[in-house]
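Worksheet for the structure shown next.
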Amino acid sequence: MNTNRILLAGLVGGVFAFFFGWLLWGILFNDLMPAGIKAVERAESDMIMWALAISNLLWGILIAYIFVQWANISTWQSGAMAGAVIGFFTTASFDLGYFAMTNLFTLQELAIDVALNTLWVAAIGAVVGWWLGWKK
């Protein structure tokens with residue numbers, strides 16, 4: 001296994017995920033956050049940043065692992081496409097489960113969340129794919 005390659009690409013993807021997520025949800029689309037999520041989210045000053053950082057790093061490592069071990073992806077274009085597929089199916093799966101069992105989302109809010117998360121993971125995939133091709 002290419003452990004070092006996966007971890008380095010995962011680190012790059014995770015750092016990007018953190019800052020791009022902050023841009024998407026913290027700044028650009030903060031007003032579109034579902035009311036159910038807004039009701040349970042922590043204030044920015046109360047967020048547990050180490051957990052958020054690890055979450056983003058795990059996303060980067062997951063994408064890097066898939067790209068290196070299974071898909072042999074090493075361009076930003078193929079990374080973005082694969083990331084979009086991964087982002088869509090994981091987010092739609094979780095969000096539909098939450099929609100079925102909670103009051104966190106309306107159907108419209110669910111669609112927005114799936115779209116934004118698909119974009120977010122596509123961008124992570126593009127960065128990881130670019131990094132893997134650049135480092136070859």
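Each chain in the structure tokens gets a letter, A, B, ..., in the order shown, and its residues are numbered from 1; ligands are numbered from 1 in order too.
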
Using only C-alpha atoms, determine which residues lie at most 7 Å from range 70-79 of chain A, disregarding the query and same-chain residues fewer than 4 positions distant; provide the list as a PDB file with N, CA, C and O atoms, in the first residue's frame.
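selection-v4.pdb, freshly written:
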ATOM      1  N   ILE A  66      -9.254   6.010  -1.790  1.00  0.00           N
ATOM      2  CA  ILE A  66     -10.017   5.508  -2.945  1.00  0.00           C
ATOM      3  C   ILE A  66      -9.267   5.775  -4.242  1.00  0.00           C
ATOM      4  O   ILE A  66      -9.146   4.903  -5.100  1.00  0.00           O
ATOM      5  N   GLY A  83     -15.095  12.582  -7.002  1.00  0.00           N
ATOM      6  CA  GLY A  83     -15.507  13.239  -5.770  1.00  0.00           C
ATOM      7  C   GLY A  83     -16.981  13.597  -5.786  1.00  0.00           C
ATOM      8  O   GLY A  83     -17.678  13.440  -4.772  1.00  0.00           O
ATOM      9  N   GLY A 125     -12.008  16.189  -4.182  1.00  0.00           N
ATOM     10  CA  GLY A 125     -11.517  15.216  -5.163  1.00  0.00           C
ATOM     11  C   GLY A 125     -10.630  15.857  -6.213  1.00  0.00           C
ATOM     12  O   GLY A 125      -9.611  15.287  -6.611  1.00  0.00           O
ATOM     13  N   ALA A 126     -11.000  17.046  -6.665  1.00  0.00           N
ATOM     14  CA  ALA A 126     -10.179  17.749  -7.658  1.00  0.00           C
ATOM     15  C   ALA A 126      -8.804  18.071  -7.088  1.00  0.00           C
ATOM     16  O   ALA A 126      -7.781  17.867  -7.753  1.00  0.00           O
ATOM     17  N   VAL A 127      -8.756  18.547  -5.851  1.00  0.00           N
ATOM     18  CA  VAL A 127      -7.476  18.896  -5.224  1.00  0.00           C
ATOM     19  C   VAL A 127      -6.629  17.647  -4.996  1.00  0.00           C
ATOM     20  O   VAL A 127      -5.432  17.632  -5.301  1.00  0.00           O
ATOM     21  N   VAL A 128      -7.235  16.592  -4.482  1.00  0.00           N
ATOM     22  CA  VAL A 128      -6.488  15.349  -4.242  1.00  0.00           C
ATOM     23  C   VAL A 128      -6.007  14.755  -5.563  1.00  0.00           C
ATOM     24  O   VAL A 128      -4.854  14.332  -5.680  1.00  0.00           O
ATOM     25  N   GLY A 129      -6.872  14.726  -6.579  1.00  0.00           N
ATOM     26  CA  GLY A 129      -6.465  14.218  -7.888  1.00  0.00           C
ATOM     27  C   GLY A 129      -5.328  15.028  -8.480  1.00  0.00           C
ATOM     28  O   GLY A 129      -4.366  14.468  -9.013  1.00  0.00           O
ATOM     29  N   TRP A 130      -5.428  16.340  -8.384  1.00  0.00           N
ATOM     30  CA  TRP A 130      -4.349  17.210  -8.868  1.00  0.00           C
ATOM     31  C   TRP A 130      -3.056  16.924  -8.125  1.00  0.00           C
ATOM     32  O   TRP A 130      -1.987  16.790  -8.735  1.00  0.00           O
ATOM     33  N   LEU A 132      -2.110  14.216  -6.541  1.00  0.00           N
ATOM     34  CA  LEU A 132      -1.567  12.891  -6.887  1.00  0.00           C
ATOM     35  C   LEU A 132      -0.900  12.907  -8.269  1.00  0.00           C
ATOM     36  O   LEU A 132       0.120  12.252  -8.458  1.00  0.00           O
ATOM     37  N   GLY A 133      -1.440  13.650  -9.220  1.00  0.00           N
ATOM     38  CA  GLY A 133      -0.822  13.755 -10.535  1.00  0.00           C
ATOM     39  C   GLY A 133       0.432  14.618 -10.516  1.00  0.00           C
ATOM     40  O   GLY A 133       1.421  14.320 -11.208  1.00  0.00           O
TER      41      GLY A 133
END

All residues 7 Å or closer to range 46-58 of chain A, only C-alpha atoms, same chain fewer than 4 positions away omitted, as a CSV table (one decimal) with all heavy atoms, in the first residue's frame:
chain,number,residue,atom,x,y,z
A,10,GLY,N,-4.1,12.9,1.5
A,10,GLY,CA,-5.2,13.1,2.4
A,10,GLY,C,-5.0,14.4,3.3
A,10,GLY,O,-6.0,15.1,3.5
A,11,LEU,N,-3.8,14.7,3.7
A,11,LEU,CA,-3.6,15.9,4.4
A,11,LEU,C,-3.9,17.1,3.6
A,11,LEU,O,-4.5,18.1,4.0
A,11,LEU,CB,-2.1,15.9,4.9
A,11,LEU,CG,-1.7,17.2,5.7
A,11,LEU,CD1,-2.5,17.3,7.0
A,11,LEU,CD2,-0.2,17.1,5.9
A,14,GLY,N,-7.6,17.3,3.2
A,14,GLY,CA,-8.2,17.6,4.4
A,14,GLY,C,-8.1,19.1,4.8
A,14,GLY,O,-9.1,19.7,5.2
A,15,VAL,N,-6.9,19.6,4.6
A,15,VAL,CA,-6.7,21.1,4.8
A,15,VAL,C,-7.6,21.9,3.9
A,15,VAL,O,-8.3,22.9,4.3
A,15,VAL,CB,-5.2,21.5,4.7
A,15,VAL,CG1,-5.0,23.0,4.7
A,15,VAL,CG2,-4.4,20.8,5.8
A,17,ALA,N,-10.3,20.9,2.5
A,17,ALA,CA,-11.7,20.6,2.9
A,17,ALA,C,-12.1,21.6,4.0
A,17,ALA,O,-13.2,22.1,4.0
A,17,ALA,CB,-11.9,19.2,3.3
A,18,PHE,N,-11.3,21.7,5.0
A,18,PHE,CA,-11.5,22.6,6.1
A,18,PHE,C,-11.8,24.0,5.6
A,18,PHE,O,-12.8,24.6,6.0
A,18,PHE,CB,-10.4,22.6,7.1
A,18,PHE,CG,-10.6,23.4,8.3
A,18,PHE,CD1,-11.2,22.8,9.4
A,18,PHE,CD2,-10.2,24.7,8.4
A,18,PHE,CE1,-11.4,23.6,10.6
A,18,PHE,CE2,-10.4,25.4,9.6
A,18,PHE,CZ,-11.0,24.9,10.6
A,42,ARG,N,-23.8,24.4,17.2
A,42,ARG,CA,-23.1,25.2,18.2
A,42,ARG,C,-22.8,26.6,17.6
A,42,ARG,O,-22.6,26.8,16.4
A,42,ARG,CB,-21.8,24.5,18.5
A,42,ARG,CG,-21.9,23.2,19.2
A,42,ARG,CD,-20.5,22.6,19.4
A,42,ARG,NE,-20.6,21.2,19.8
A,42,ARG,CZ,-20.6,20.8,21.1
A,42,ARG,NH1,-20.5,21.7,22.1
A,42,ARG,NH2,-20.6,19.6,21.4
A,62,LEU,N,-10.0,9.6,3.1
A,62,LEU,CA,-10.9,8.7,2.4
A,62,LEU,C,-10.8,8.8,0.9
A,62,LEU,O,-10.6,7.9,0.1
A,62,LEU,CB,-12.3,8.9,2.8
A,62,LEU,CG,-13.4,8.1,2.0
A,62,LEU,CD1,-13.3,6.6,2.3
A,62,LEU,CD2,-14.8,8.7,2.4

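What separates CA of Trp25 in chain A from CA of Ile6 in chain A is a distance of 26.7 Å.
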
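Each of A:Ala111, A:Leu24, A:Ile124, A:Lys38 was checked against Phe99 in chain A using only C-alpha atoms; the smallest atom-to-atom distance is that of A:Ala111.
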
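In this structure, CA of Asp31 in chain A sits 23.1 Å away from CA of Ala84 in chain A.
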
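Atom pair CA of Leu107 in chain A / CA of Ala123 in chain A: separated by 24.4 Å.
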
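Shell of Leu104 in chain A at 12 Å, with only C-alpha atoms counted and residues fewer than 3 places along the chain excluded, is Met33, Pro34, Ala35, Gly36, Ile37, Lys38, Ala39, Val40, Glu41, Phe94, Asp95, Leu96, Gly97, Tyr98, Phe99, Ala100, Met101, Leu107, Gln108, Glu109, Leu110 and Asp113 of chain A.
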
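For the choices A:Ile86, A:Ala9, A:Ala92, A:Ala80, the atom-to-atom distance to Ala122 in chain A is smallest for A:Ala80 when using only C-alpha atoms.
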
Please return, as a PyMOL selection string, all residues of range 7-98 of chain A that DSSP assigns to alpha helix (DSSP H) on the basis of the backbone. chain A and resi 7-21+35-40+49-65+76-98
